[in-house]
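Heads up, protein_33.pdb below (PDB, C-alpha atoms):
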```pdb
ATOM      1  CA  MET T   8      -0.611 105.495  -7.112
ATOM      2  CA  GLU T   9      -0.637 101.740  -7.606
ATOM      3  CA  PHE T  10      -3.286 100.583 -10.086
ATOM      4  CA  VAL T  11      -4.465  96.957 -10.124
ATOM      5  CA  THR T  12      -6.850  95.318 -12.602
ATOM      6  CA  ASP T  13      -6.030  91.655 -11.926
ATOM      7  CA  LEU T  14      -7.129  90.264  -8.555
ATOM      8  CA  THR T  15      -4.564  87.460  -8.796
ATOM      9  CA  GLN T  16      -1.902  90.193  -8.554
ATOM     10  CA  LEU T  17      -3.499  91.831  -5.518
ATOM     11  CA  LYS T  18      -1.903  91.225  -2.123
ATOM     12  CA  VAL T  19      -1.633  94.176   0.264
ATOM     13  CA  GLU T  20       0.753  93.853   3.211
ATOM     14  CA  LYS T  21      -0.064  97.151   4.885
ATOM     15  CA  ARG T  22      -3.441  97.585   6.571
ATOM     16  CA  SER T  23      -5.751  99.357   4.146
ATOM     17  CA  ALA T  24      -8.587 101.842   4.427
ATOM     18  CA  VAL T  25     -10.977 101.083   1.569
ATOM     19  CA  THR T  26     -13.978 102.743  -0.022
ATOM     20  CA  LEU T  27     -16.040 100.709  -2.457
ATOM     21  CA  GLY T  28     -18.465 101.582  -5.249
ATOM     22  CA  LYS T  29     -18.938 102.125  -8.970
ATOM     23  CA  PHE T  30     -17.540 105.654  -8.683
ATOM     24  CA  ASP T  31     -18.721 106.829 -12.094
ATOM     25  CA  GLY T  32     -17.964 110.524 -11.984
ATOM     26  CA  LEU T  33     -16.078 110.579  -8.679
ATOM     27  CA  HIS T  34     -18.587 113.274  -7.762
ATOM     28  CA  ARG T  35     -18.934 115.201  -4.495
ATOM     29  CA  GLY T  36     -20.630 112.297  -2.744
ATOM     30  CA  HIS T  37     -17.815 109.960  -3.742
ATOM     31  CA  GLN T  38     -15.273 112.540  -2.629
ATOM     32  CA  LEU T  39     -16.675 112.435   0.916
ATOM     33  CA  LEU T  40     -15.975 108.692   0.996
ATOM     34  CA  ILE T  41     -12.488 109.257  -0.379
ATOM     35  CA  LYS T  42     -11.850 111.864   2.316
ATOM     36  CA  GLN T  43     -12.642 109.201   4.930
ATOM     37  CA  VAL T  44      -9.937 106.845   3.674
ATOM     38  CA  LEU T  45      -7.433 109.672   3.156
ATOM     39  CA  GLN T  46      -7.851 110.668   6.800
ATOM     40  CA  LYS T  47      -6.848 107.142   7.826
ATOM     41  CA  LYS T  48      -3.454 107.625   6.159
ATOM     42  CA  GLN T  49      -2.485 109.610   9.261
ATOM     43  CA  GLU T  50      -2.900 106.376  11.230
ATOM     44  CA  GLY T  51      -0.677 104.445   8.836
ATOM     45  CA  PHE T  52      -3.378 102.954   6.611
ATOM     46  CA  LEU T  53      -3.081 102.552   2.840
ATOM     47  CA  ALA T  54      -5.762 104.769   1.233
ATOM     48  CA  SER T  55      -7.542 102.548  -1.292
ATOM     49  CA  VAL T  56     -10.434 102.691  -3.753
ATOM     50  CA  PHE T  57     -12.102  99.476  -4.925
ATOM     51  CA  THR T  58     -14.308  99.731  -7.981
ATOM     52  CA  PHE T  59     -15.572  97.547 -10.791
ATOM     53  CA  ASN T  60     -14.735  97.642 -14.473
ATOM     54  CA  MET T  61     -18.250  97.229 -15.836
ATOM     55  CA  PRO T  62     -19.517  97.900 -19.364
ATOM     56  CA  PRO T  63     -21.817 100.923 -19.270
ATOM     57  CA  ASN T  64     -25.565 100.504 -19.539
ATOM     58  CA  ARG T  65     -25.925 101.798 -23.053
ATOM     59  CA  LEU T  66     -29.490 103.044 -22.802
ATOM     60  CA  LEU T  67     -31.154 105.456 -20.418
ATOM     61  CA  ASN T  68     -34.732 106.418 -21.348
ATOM     62  CA  GLY T  69     -33.971 105.311 -24.885
ATOM     63  CA  GLN T  70     -30.756 107.334 -25.106
ATOM     64  CA  SER T  71     -27.136 106.291 -25.082
ATOM     65  CA  ARG T  72     -25.991 106.408 -21.469
ATOM     66  CA  GLY T  73     -22.245 105.958 -21.345
ATOM     67  CA  THR T  74     -20.032 106.877 -18.430
ATOM     68  CA  ILE T  75     -19.252 110.287 -16.973
ATOM     69  CA  LEU T  76     -15.594 109.272 -16.712
ATOM     70  CA  THR T  77     -13.719 106.762 -18.823
ATOM     71  CA  ASN T  78     -11.607 104.274 -16.885
ATOM     72  CA  GLN T  79      -8.509 106.294 -17.793
ATOM     73  CA  GLU T  80     -10.072 109.569 -16.609
ATOM     74  CA  ARG T  81     -11.250 108.000 -13.353
ATOM     75  CA  ARG T  82      -7.784 106.636 -12.699
ATOM     76  CA  ALA T  83      -6.175 110.046 -13.323
ATOM     77  CA  LEU T  84      -8.615 111.775 -10.958
ATOM     78  CA  ALA T  85      -8.059 109.217  -8.210
ATOM     79  CA  GLU T  86      -4.347 109.883  -8.492
ATOM     80  CA  GLN T  87      -4.975 113.623  -8.146
ATOM     81  CA  PHE T  88      -6.944 112.892  -4.950
ATOM     82  CA  GLN T  89      -3.740 111.229  -3.589
ATOM     83  CA  ILE T  90      -5.164 107.725  -3.361
ATOM     84  CA  ASP T  91      -2.435 105.113  -2.745
ATOM     85  CA  LEU T  92      -4.111 102.121  -4.390
ATOM     86  CA  MET T  93      -6.928 101.797  -6.907
ATOM     87  CA  VAL T  94      -8.365  98.386  -7.697
ATOM     88  CA  GLN T  95     -10.446  98.225 -10.858
ATOM     89  CA  CYS T  96     -11.931  94.767 -10.481
ATOM     90  CA  PRO T  97     -13.129  92.995 -13.650
ATOM     91  CA  PHE T  98     -16.819  92.206 -13.220
ATOM     92  CA  THR T  99     -16.461  88.549 -14.144
ATOM     93  CA  LYS T 100     -19.019  85.780 -13.629
ATOM     94  CA  GLU T 101     -16.916  84.494 -10.735
ATOM     95  CA  VAL T 102     -16.943  87.879  -9.001
ATOM     96  CA  SER T 103     -20.639  88.544  -9.696
ATOM     97  CA  CYS T 104     -21.589  85.157  -8.188
ATOM     98  CA  MET T 105     -19.631  85.583  -4.953
ATOM     99  CA  GLU T 106     -21.668  85.397  -1.786
ATOM    100  CA  PRO T 107     -21.352  88.644   0.211
ATOM    101  CA  GLU T 108     -19.362  87.150   3.099
ATOM    102  CA  ASP T 109     -17.043  85.384   0.643
ATOM    103  CA  PHE T 110     -16.347  88.758  -0.965
ATOM    104  CA  ILE T 111     -15.510  90.281   2.417
ATOM    105  CA  ARG T 112     -13.268  87.389   3.479
ATOM    106  CA  ASP T 113     -11.562  86.493   0.182
ATOM    107  CA  ILE T 114     -11.090  89.948  -1.328
ATOM    108  CA  LEU T 115     -11.355  92.642   1.330
ATOM    109  CA  VAL T 116      -9.617  90.741   4.114
ATOM    110  CA  GLU T 117      -7.298  88.286   2.342
ATOM    111  CA  LYS T 118      -6.245  90.473  -0.594
ATOM    112  CA  LEU T 119      -6.713  94.048   0.633
ATOM    113  CA  ASN T 120      -5.873  93.464   4.296
ATOM    114  CA  VAL T 121      -8.725  95.781   5.169
ATOM    115  CA  GLY T 122      -8.797  97.599   8.498
ATOM    116  CA  PHE T 123     -11.316 100.325   7.660
ATOM    117  CA  ILE T 124     -14.250 100.475   5.214
ATOM    118  CA  ALA T 125     -16.140 103.599   4.088
ATOM    119  CA  VAL T 126     -19.331 103.175   2.039
ATOM    120  CA  GLY T 127     -22.551 104.979   1.264
ATOM    121  CA  GLU T 128     -25.707 103.972   3.098
ATOM    122  CA  ASP T 129     -27.172 102.338  -0.035
ATOM    123  CA  PHE T 130     -24.073 100.276  -0.911
ATOM    124  CA  ARG T 131     -24.887  96.760  -2.120
ATOM    125  CA  PHE T 132     -22.549  93.956  -3.132
ATOM    126  CA  GLY T 133     -22.243  90.226  -3.691
ATOM    127  CA  TYR T 134     -24.443  87.723  -5.487
ATOM    128  CA  LYS T 135     -27.813  89.264  -6.390
ATOM    129  CA  ARG T 136     -26.750  92.354  -4.400
ATOM    130  CA  LYS T 137     -27.563  90.521  -1.169
ATOM    131  CA  GLY T 138     -24.785  92.245   0.777
ATOM    132  CA  ASP T 139     -25.440  95.632   2.368
ATOM    133  CA  VAL T 140     -24.108  97.935   5.077
ATOM    134  CA  ASN T 141     -25.923  95.977   7.779
ATOM    135  CA  LEU T 142     -23.975  92.856   6.837
ATOM    136  CA  LEU T 143     -20.704  94.812   6.757
ATOM    137  CA  LEU T 144     -21.427  96.204  10.216
ATOM    138  CA  ARG T 145     -22.412  92.801  11.565
ATOM    139  CA  LEU T 146     -19.180  91.176  10.336
ATOM    140  CA  ALA T 147     -16.848  94.021  11.364
ATOM    141  CA  GLU T 148     -15.833  92.434  14.656
ATOM    142  CA  LYS T 149     -15.363  88.983  13.097
ATOM    143  CA  TYR T 150     -12.995  90.294  10.422
ATOM    144  CA  HIS T 151     -11.412  93.053  12.508
ATOM    145  CA  TYR T 152     -12.238  96.201  10.556
ATOM    146  CA  GLN T 153     -13.820  99.554  11.399
ATOM    147  CA  MET T 154     -16.714 101.061   9.480
ATOM    148  CA  ALA T 155     -17.956 104.459   8.327
ATOM    149  CA  VAL T 156     -21.383 104.646   6.657
ATOM    150  CA  LEU T 157     -22.141 108.004   5.046
ATOM    151  CA  SER T 158     -25.470 109.533   4.081
ATOM    152  CA  LYS T 159     -25.966 110.890   0.583
ATOM    153  CA  GLU T 160     -24.503 114.292  -0.178
ATOM    154  CA  GLN T 161     -27.282 116.611  -1.341
ATOM    155  CA  TYR T 162     -27.667 119.701  -3.488
ATOM    156  CA  GLN T 163     -30.799 121.823  -2.974
ATOM    157  CA  GLY T 164     -32.629 118.922  -1.362
ATOM    158  CA  ARG T 165     -31.788 116.301  -3.983
ATOM    159  CA  ASP T 166     -29.264 113.480  -3.608
ATOM    160  CA  ILE T 167     -26.112 113.959  -5.657
ATOM    161  CA  SER T 168     -25.799 110.869  -7.826
ATOM    162  CA  SER T 169     -24.309 109.796 -11.136
ATOM    163  CA  SER T 170     -27.810 109.525 -12.635
ATOM    164  CA  TYR T 171     -28.590 113.129 -11.578
ATOM    165  CA  ILE T 172     -25.360 114.320 -13.206
ATOM    166  CA  ARG T 173     -26.071 112.367 -16.405
ATOM    167  CA  GLU T 174     -29.531 113.930 -16.533
ATOM    168  CA  ARG T 175     -28.094 117.442 -16.366
ATOM    169  CA  LEU T 176     -25.334 116.689 -18.890
ATOM    170  CA  LEU T 177     -27.859 115.317 -21.386
ATOM    171  CA  GLU T 178     -29.678 118.654 -21.080
ATOM    172  CA  GLY T 179     -26.448 120.587 -21.700
ATOM    173  CA  ASP T 180     -26.385 121.984 -18.173
ATOM    174  CA  VAL T 181     -22.621 121.670 -17.736
ATOM    175  CA  GLU T 182     -22.592 124.398 -15.082
ATOM    176  CA  LEU T 183     -24.868 122.486 -12.709
ATOM    177  CA  ALA T 184     -22.978 119.291 -13.571
ATOM    178  CA  GLU T 185     -19.790 121.035 -12.404
ATOM    179  CA  THR T 186     -21.478 121.957  -9.120
ATOM    180  CA  LEU T 187     -22.521 118.333  -8.563
ATOM    181  CA  LEU T 188     -19.207 116.840  -9.638
ATOM    182  CA  GLY T 189     -17.012 119.279  -7.735
ATOM    183  CA  TYR T 190     -14.967 119.895 -10.897
ATOM    184  CA  PRO T 191     -15.809 120.754 -14.532
ATOM    185  CA  PHE T 192     -17.014 117.929 -16.774
ATOM    186  CA  PHE T 193     -14.143 117.124 -19.120
ATOM    187  CA  ILE T 194     -12.960 115.048 -22.060
ATOM    188  CA  SER T 195      -9.386 113.754 -21.958
ATOM    189  CA  GLU T 196      -8.015 112.395 -25.252
ATOM    190  CA  LYS T 197      -5.062 112.802 -27.577
ATOM    191  CA  VAL T 198      -5.311 115.228 -30.493
ATOM    192  CA  VAL T 199      -5.764 113.520 -33.862
ATOM    193  CA  HIS T 200      -5.521 114.765 -37.435
ATOM    194  CA  GLY T 201      -8.726 116.263 -38.807
ATOM    195  CA  LYS T 202      -9.885 117.797 -42.093
ATOM    196  CA  GLN T 203      -8.224 121.135 -41.148
ATOM    197  CA  PHE T 204     -11.413 122.923 -42.185
ATOM    198  CA  GLY T 205     -11.192 125.297 -39.230
ATOM    199  CA  ARG T 206      -7.692 126.317 -40.283
ATOM    200  CA  THR T 207      -9.047 127.588 -43.620
ATOM    201  CA  MET T 208     -11.433 129.857 -41.677
ATOM    202  CA  GLY T 209      -8.758 131.216 -39.390
ATOM    203  CA  ILE T 210     -10.015 129.148 -36.451
ATOM    204  CA  PRO T 211      -7.724 126.083 -36.276
ATOM    205  CA  THR T 212      -9.047 123.410 -33.950
ATOM    206  CA  ALA T 213      -7.577 120.527 -31.991
ATOM    207  CA  ASN T 214      -9.600 117.425 -32.844
ATOM    208  CA  GLN T 215     -10.327 114.607 -30.407
ATOM    209  CA  ILE T 216     -12.279 111.390 -30.857
ATOM    210  CA  PRO T 217     -14.010 110.653 -27.532
ATOM    211  CA  ASP T 218     -14.145 107.130 -26.179
ATOM    212  CA  ALA T 219     -17.194 105.262 -27.490
ATOM    213  CA  GLY T 220     -18.387 104.625 -23.919
ATOM    214  CA  LYS T 221     -18.123 108.257 -22.814
ATOM    215  CA  LEU T 222     -21.301 110.194 -22.114
ATOM    216  CA  LEU T 223     -21.349 113.512 -23.978
ATOM    217  CA  PRO T 224     -23.644 116.516 -23.581
ATOM    218  CA  PRO T 225     -25.708 117.722 -26.571
ATOM    219  CA  ASN T 226     -23.976 118.548 -29.842
ATOM    220  CA  GLY T 227     -23.123 122.202 -29.960
ATOM    221  CA  VAL T 228     -20.734 124.996 -29.046
ATOM    222  CA  TYR T 229     -19.255 125.381 -25.559
ATOM    223  CA  ALA T 230     -16.987 127.798 -23.742
ATOM    224  CA  SER T 231     -14.119 125.677 -22.483
ATOM    225  CA  ARG T 232     -10.899 125.572 -20.524
ATOM    226  CA  VAL T 233      -8.055 123.364 -21.727
ATOM    227  CA  LEU T 234      -5.289 121.836 -19.630
ATOM    228  CA  LEU T 235      -2.158 121.050 -21.629
ATOM    229  CA  GLU T 236       1.245 120.045 -20.282
ATOM    230  CA  GLY T 237       0.688 121.865 -16.993
ATOM    231  CA  ASN T 238      -0.661 125.020 -18.649
ATOM    232  CA  CYS T 239      -4.212 126.368 -18.807
ATOM    233  CA  TYR T 240      -5.862 127.916 -21.866
ATOM    234  CA  TYR T 241      -9.374 129.082 -22.617
ATOM    235  CA  GLY T 242     -11.149 128.207 -25.807
ATOM    236  CA  MET T 243     -14.263 127.362 -27.789
ATOM    237  CA  THR T 244     -15.267 123.740 -28.237
ATOM    238  CA  ASN T 245     -17.690 122.151 -30.669
ATOM    239  CA  ILE T 246     -19.125 118.691 -30.077
ATOM    240  CA  GLY T 247     -20.876 117.039 -32.970
ATOM    241  CA  VAL T 248     -20.853 115.470 -36.403
ATOM    242  CA  ARG T 249     -19.980 118.561 -38.497
ATOM    243  CA  PRO T 250     -23.193 118.468 -40.605
ATOM    244  CA  THR T 251     -22.270 121.406 -42.844
ATOM    245  CA  VAL T 252     -18.891 120.091 -44.024
ATOM    246  CA  GLU T 253     -18.836 116.357 -43.368
ATOM    247  CA  ASN T 254     -21.723 114.876 -41.315
ATOM    248  CA  THR T 255     -19.675 112.087 -39.749
ATOM    249  CA  ASP T 256     -21.144 108.999 -38.094
ATOM    250  CA  ARG T 257     -19.099 109.475 -34.937
ATOM    251  CA  LYS T 258     -18.993 112.526 -32.707
ATOM    252  CA  ASN T 259     -15.907 114.720 -32.707
ATOM    253  CA  VAL T 260     -14.677 117.193 -30.117
ATOM    254  CA  GLU T 261     -12.997 120.202 -31.740
ATOM    255  CA  THR T 262     -11.449 122.979 -29.675
ATOM    256  CA  TYR T 263     -10.005 126.309 -30.707
ATOM    257  CA  LEU T 264      -7.488 127.418 -28.083
ATOM    258  CA  PHE T 265      -7.183 131.156 -27.580
ATOM    259  CA  ASP T 266      -3.637 132.527 -27.475
ATOM    260  CA  TYR T 267      -1.928 129.243 -28.335
ATOM    261  CA  GLN T 268       0.692 128.759 -31.030
ATOM    262  CA  GLY T 269       2.176 125.407 -31.967
ATOM    263  CA  GLU T 270       1.325 121.861 -33.016
ATOM    264  CA  LEU T 271      -0.969 119.784 -30.831
ATOM    265  CA  TYR T 272      -1.046 116.463 -32.674
ATOM    266  CA  GLU T 273      -0.658 113.429 -30.371
ATOM    267  CA  LYS T 274      -0.724 115.647 -27.284
ATOM    268  CA  GLU T 275      -3.156 114.853 -24.472
ATOM    269  CA  LEU T 276      -5.737 117.590 -23.938
ATOM    270  CA  ILE T 277      -8.099 117.845 -21.004
ATOM    271  CA  VAL T 278     -11.028 119.870 -22.336
ATOM    272  CA  GLN T 279     -13.299 121.176 -19.572
ATOM    273  CA  LEU T 280     -16.756 122.304 -20.705
ATOM    274  CA  LEU T 281     -17.820 125.437 -18.816
ATOM    275  CA  HIS T 282     -20.872 126.832 -20.607
ATOM    276  CA  TYR T 283     -23.256 125.725 -23.384
ATOM    277  CA  GLU T 284     -23.529 128.430 -26.054
ATOM    278  CA  ARG T 285     -25.801 126.934 -28.732
ATOM    279  CA  PRO T 286     -26.798 123.632 -30.407
ATOM    280  CA  GLU T 287     -25.004 122.346 -33.498
ATOM    281  CA  CYS T 288     -26.687 123.430 -36.745
ATOM    282  CA  LYS T 289     -26.404 122.645 -40.435
ATOM    283  CA  PHE T 290     -25.743 125.736 -42.552
ATOM    284  CA  ASP T 291     -26.474 126.222 -46.240
ATOM    285  CA  SER T 292     -22.884 127.143 -47.022
ATOM    286  CA  ALA T 293     -19.390 127.197 -45.574
ATOM    287  CA  GLU T 294     -19.497 130.995 -45.623
ATOM    288  CA  MET T 295     -22.599 131.072 -43.422
ATOM    289  CA  LEU T 296     -20.906 128.644 -41.030
ATOM    290  CA  LYS T 297     -17.836 130.883 -40.901
ATOM    291  CA  LYS T 298     -19.934 133.929 -40.005
ATOM    292  CA  GLN T 299     -21.644 132.002 -37.223
ATOM    293  CA  LEU T 300     -18.339 130.719 -35.851
ATOM    294  CA  TYR T 301     -17.037 134.251 -35.473
ATOM    295  CA  LEU T 302     -20.250 135.220 -33.679
ATOM    296  CA  ASP T 303     -19.747 132.194 -31.421
ATOM    297  CA  LEU T 304     -16.183 133.246 -30.815
ATOM    298  CA  ALA T 305     -17.264 136.709 -29.674
ATOM    299  CA  ALA T 306     -20.012 135.281 -27.432
ATOM    300  CA  THR T 307     -17.628 132.744 -25.897
ATOM    301  CA  LYS T 308     -14.965 135.334 -25.144
ATOM    302  CA  LYS T 309     -17.609 137.605 -23.618
ATOM    303  CA  TRP T 310     -18.810 134.837 -21.319
ATOM    304  CA  LEU T 311     -15.282 133.840 -20.346
ATOM    305  CA  HIS T 312     -14.460 137.454 -19.536
ATOM    306  CA  LEU T 313     -17.368 137.501 -17.090
ATOM    307  CA  LEU T 314     -16.177 134.208 -15.628
ATOM    308  CA  GLN T 315     -12.619 135.335 -14.840
TER     309      GLN T 315
END
```
Could you rewrite the structure in this file as structure tokens?
Amino acid sequence: MEFVTDLTQLKVEKRSAVTLGKFDGLHRGHQLLIKQVLQKKQEGFLASVFTFNMPPNRLLNGQSRGTILTNQERRALAEQFQIDLMVQCPFTKEVSCMEPEDFIRDILVEKLNVGFIAVGEDFRFGYKRKGDVNLLLRLAEKYHYQMAVLSKEQYQGRDISSSYIRERLLEGDVELAETLLGYPFFISEKVVHGKQFGRTMGIPTANQIPDAGKLLPPNGVYASRVLLEGNCYYGMTNIGVRPTVENTDRKNVETYLFDYQGELYEKELIVQLLHYERPECKFDSAEMLKKQLYLDLAATKKWLHLLQ
């Protein structure tokens, strides 16, 4: 997959089929749009995704919002979906002030050589969000492209949206989040050196520092699945600040992989959260924490056995 972040470097020769949006989460609704452009590959089109690199809105109802996917995670998923080209457009003042028709002509037509556009029915673009699907449809003949406008994908009568998924993640409902996303919510980061406290308890963990802009579910213990170098492992993951032993300022993701032997430092782990076991707690002693961790281990393995 070709990945472009600089519009001055963007010039597509082949006719492209493009879907546009923020695509935070690349959830099931987004995947319907992606399917539209993938189908056009059979007609010789370049399957393309156009999105914006925008700083996350940091607050949602007084809480840190963050993004469901980091830019790196979104890029990796798009590649898995077999997209040919992903444009991650910097949301500069120049771009934000473009009139809607200028955006269509100067970027979609001149740079992307667009021949097909797939968007959701509520898609807005251009200066002050003045552009909408009606404008895209009205200008289709002028700029020689076809259009597909899709209704919202729903789950149990409610629109699937990034805000709905964030809501469920903030409640720890990773199972419903998986249903809405179409894949398990995950954290993808390299393993870093930790305090090795888990090793002293017989539960060595792989430590990851999540991106500061990444939305995380509540601190606590989760049943997880870990993808590593093409292999799949099950495990137990803790998200939090380790209040009993350290009480850090920044959240850590620590995962104990079942049936794994070997060093993990500097390796990229994709940790998928499957089930929320319990919230993070502060214990009066390390011994009490150890006892609880072994109870968590038994509960996690029991749940994973039912899952498989």
### Message
Please enumerate the residues selected by the PyMOL selection byres ((chain T and resi 94) around 8) when evaluated against the supplied file, formatted as a ChimeraX atom specification.
### Response
/T:10-12,55-59,92-93,95-96
### Query
Which residue, T:Pro107, T:Gly220, T:Pro97, T:Gly127, has the smallest gap to Gly73 (chain T) when you use all atoms listed in the file?
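Looking only at the distances to Gly73 (chain T), the closest residue turns out to be T:Gly220.
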### Message
My list of candidates is T:Val248, T:Leu146, T:Val156, T:Cys104. Which is closest to Gly133 (chain T) when distances are computed with all atoms listed in the file?
### Response
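Looking only at the distances to Gly133 (chain T), the closest residue turns out to be T:Cys104.
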#### Entry: Close residues, Phe265 (chain T) itself excluded, 6 Å, all atoms listed in the file, min 2 positions apart in chain, as a list in words
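Here the qualifying residues turn out to be Tyr241, Gly242 and Tyr267 of chain T.
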### Residues within 9 Å of (-10.2, 106.4, -10.4), counting all atoms listed in the file, listed as an NGL selection string
:T and (30-33 or 56 or 58 or 76 or 78-86 or 90 or 93-95)
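Among the candidates T:Ala306, T:Ala219, T:Ala147, T:Ala213, the residue lying nearest to Glu108 (chain T) is T:Ala147 (atoms considered: all atoms listed in the file).
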### Query
Just so the selection is clear, what residues does the PyMOL selection byres ((chain T and resi 151-154) around 10) cover here, as number ranges by chain?
T: 22-25, 115-116, 120-126, 140, 143-144, 146-150, 155-157
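One finds CA of Arg206 (chain T) at 14.2 Å from CA of Met243 (chain T).
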With the input short on atoms, add N, CA and C atoms back to region 265-276 of chain T and write it as a JSON list (two decimals), keeping the file's coordinate frame.
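Written out: result02.json:
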```
[["chain", "number", "residue", "atom", "x", "y", "z"],
["T", 265, "PHE", "N", -7.57, 129.75, -27.46],
["T", 265, "PHE", "CA", -7.18, 131.16, -27.58],
["T", 265, "PHE", "C", -5.71, 131.31, -27.16],
["T", 266, "ASP", "N", -5.01, 132.15, -27.86],
["T", 266, "ASP", "CA", -3.64, 132.53, -27.48],
["T", 266, "ASP", "C", -2.69, 131.33, -27.38],
["T", 267, "TYR", "N", -2.86, 130.37, -28.30],
["T", 267, "TYR", "CA", -1.93, 129.24, -28.34],
["T", 267, "TYR", "C", -1.32, 129.14, -29.72],
["T", 268, "GLN", "N", -0.03, 128.96, -29.77],
["T", 268, "GLN", "CA", 0.69, 128.76, -31.03],
["T", 268, "GLN", "C", 1.47, 127.45, -30.93],
["T", 269, "GLY", "N", 1.41, 126.65, -31.97],
["T", 269, "GLY", "CA", 2.18, 125.41, -31.97],
["T", 269, "GLY", "C", 1.34, 124.21, -32.37],
["T", 270, "GLU", "N", 2.00, 123.09, -32.62],
["T", 270, "GLU", "CA", 1.32, 121.86, -33.02],
["T", 270, "GLU", "C", 0.81, 121.13, -31.78],
["T", 271, "LEU", "N", -0.35, 120.49, -31.95],
["T", 271, "LEU", "CA", -0.97, 119.78, -30.83],
["T", 271, "LEU", "C", -1.14, 118.29, -31.11],
["T", 272, "TYR", "N", -0.81, 117.86, -32.32],
["T", 272, "TYR", "CA", -1.05, 116.46, -32.67],
["T", 272, "TYR", "C", -0.36, 115.50, -31.70],
["T", 273, "GLU", "N", -1.12, 114.48, -31.28],
["T", 273, "GLU", "CA", -0.66, 113.43, -30.37],
["T", 273, "GLU", "C", -0.47, 113.91, -28.93],
["T", 274, "LYS", "N", -0.80, 115.17, -28.66],
["T", 274, "LYS", "CA", -0.72, 115.65, -27.28],
["T", 274, "LYS", "C", -2.05, 115.39, -26.57],
["T", 275, "GLU", "N", -1.96, 115.10, -25.27],
["T", 275, "GLU", "CA", -3.16, 114.85, -24.47],
["T", 275, "GLU", "C", -3.75, 116.18, -24.02],
["T", 276, "LEU", "N", -5.02, 116.39, -24.37],
["T", 276, "LEU", "CA", -5.74, 117.59, -23.94],
["T", 276, "LEU", "C", -6.84, 117.20, -22.96]]
```
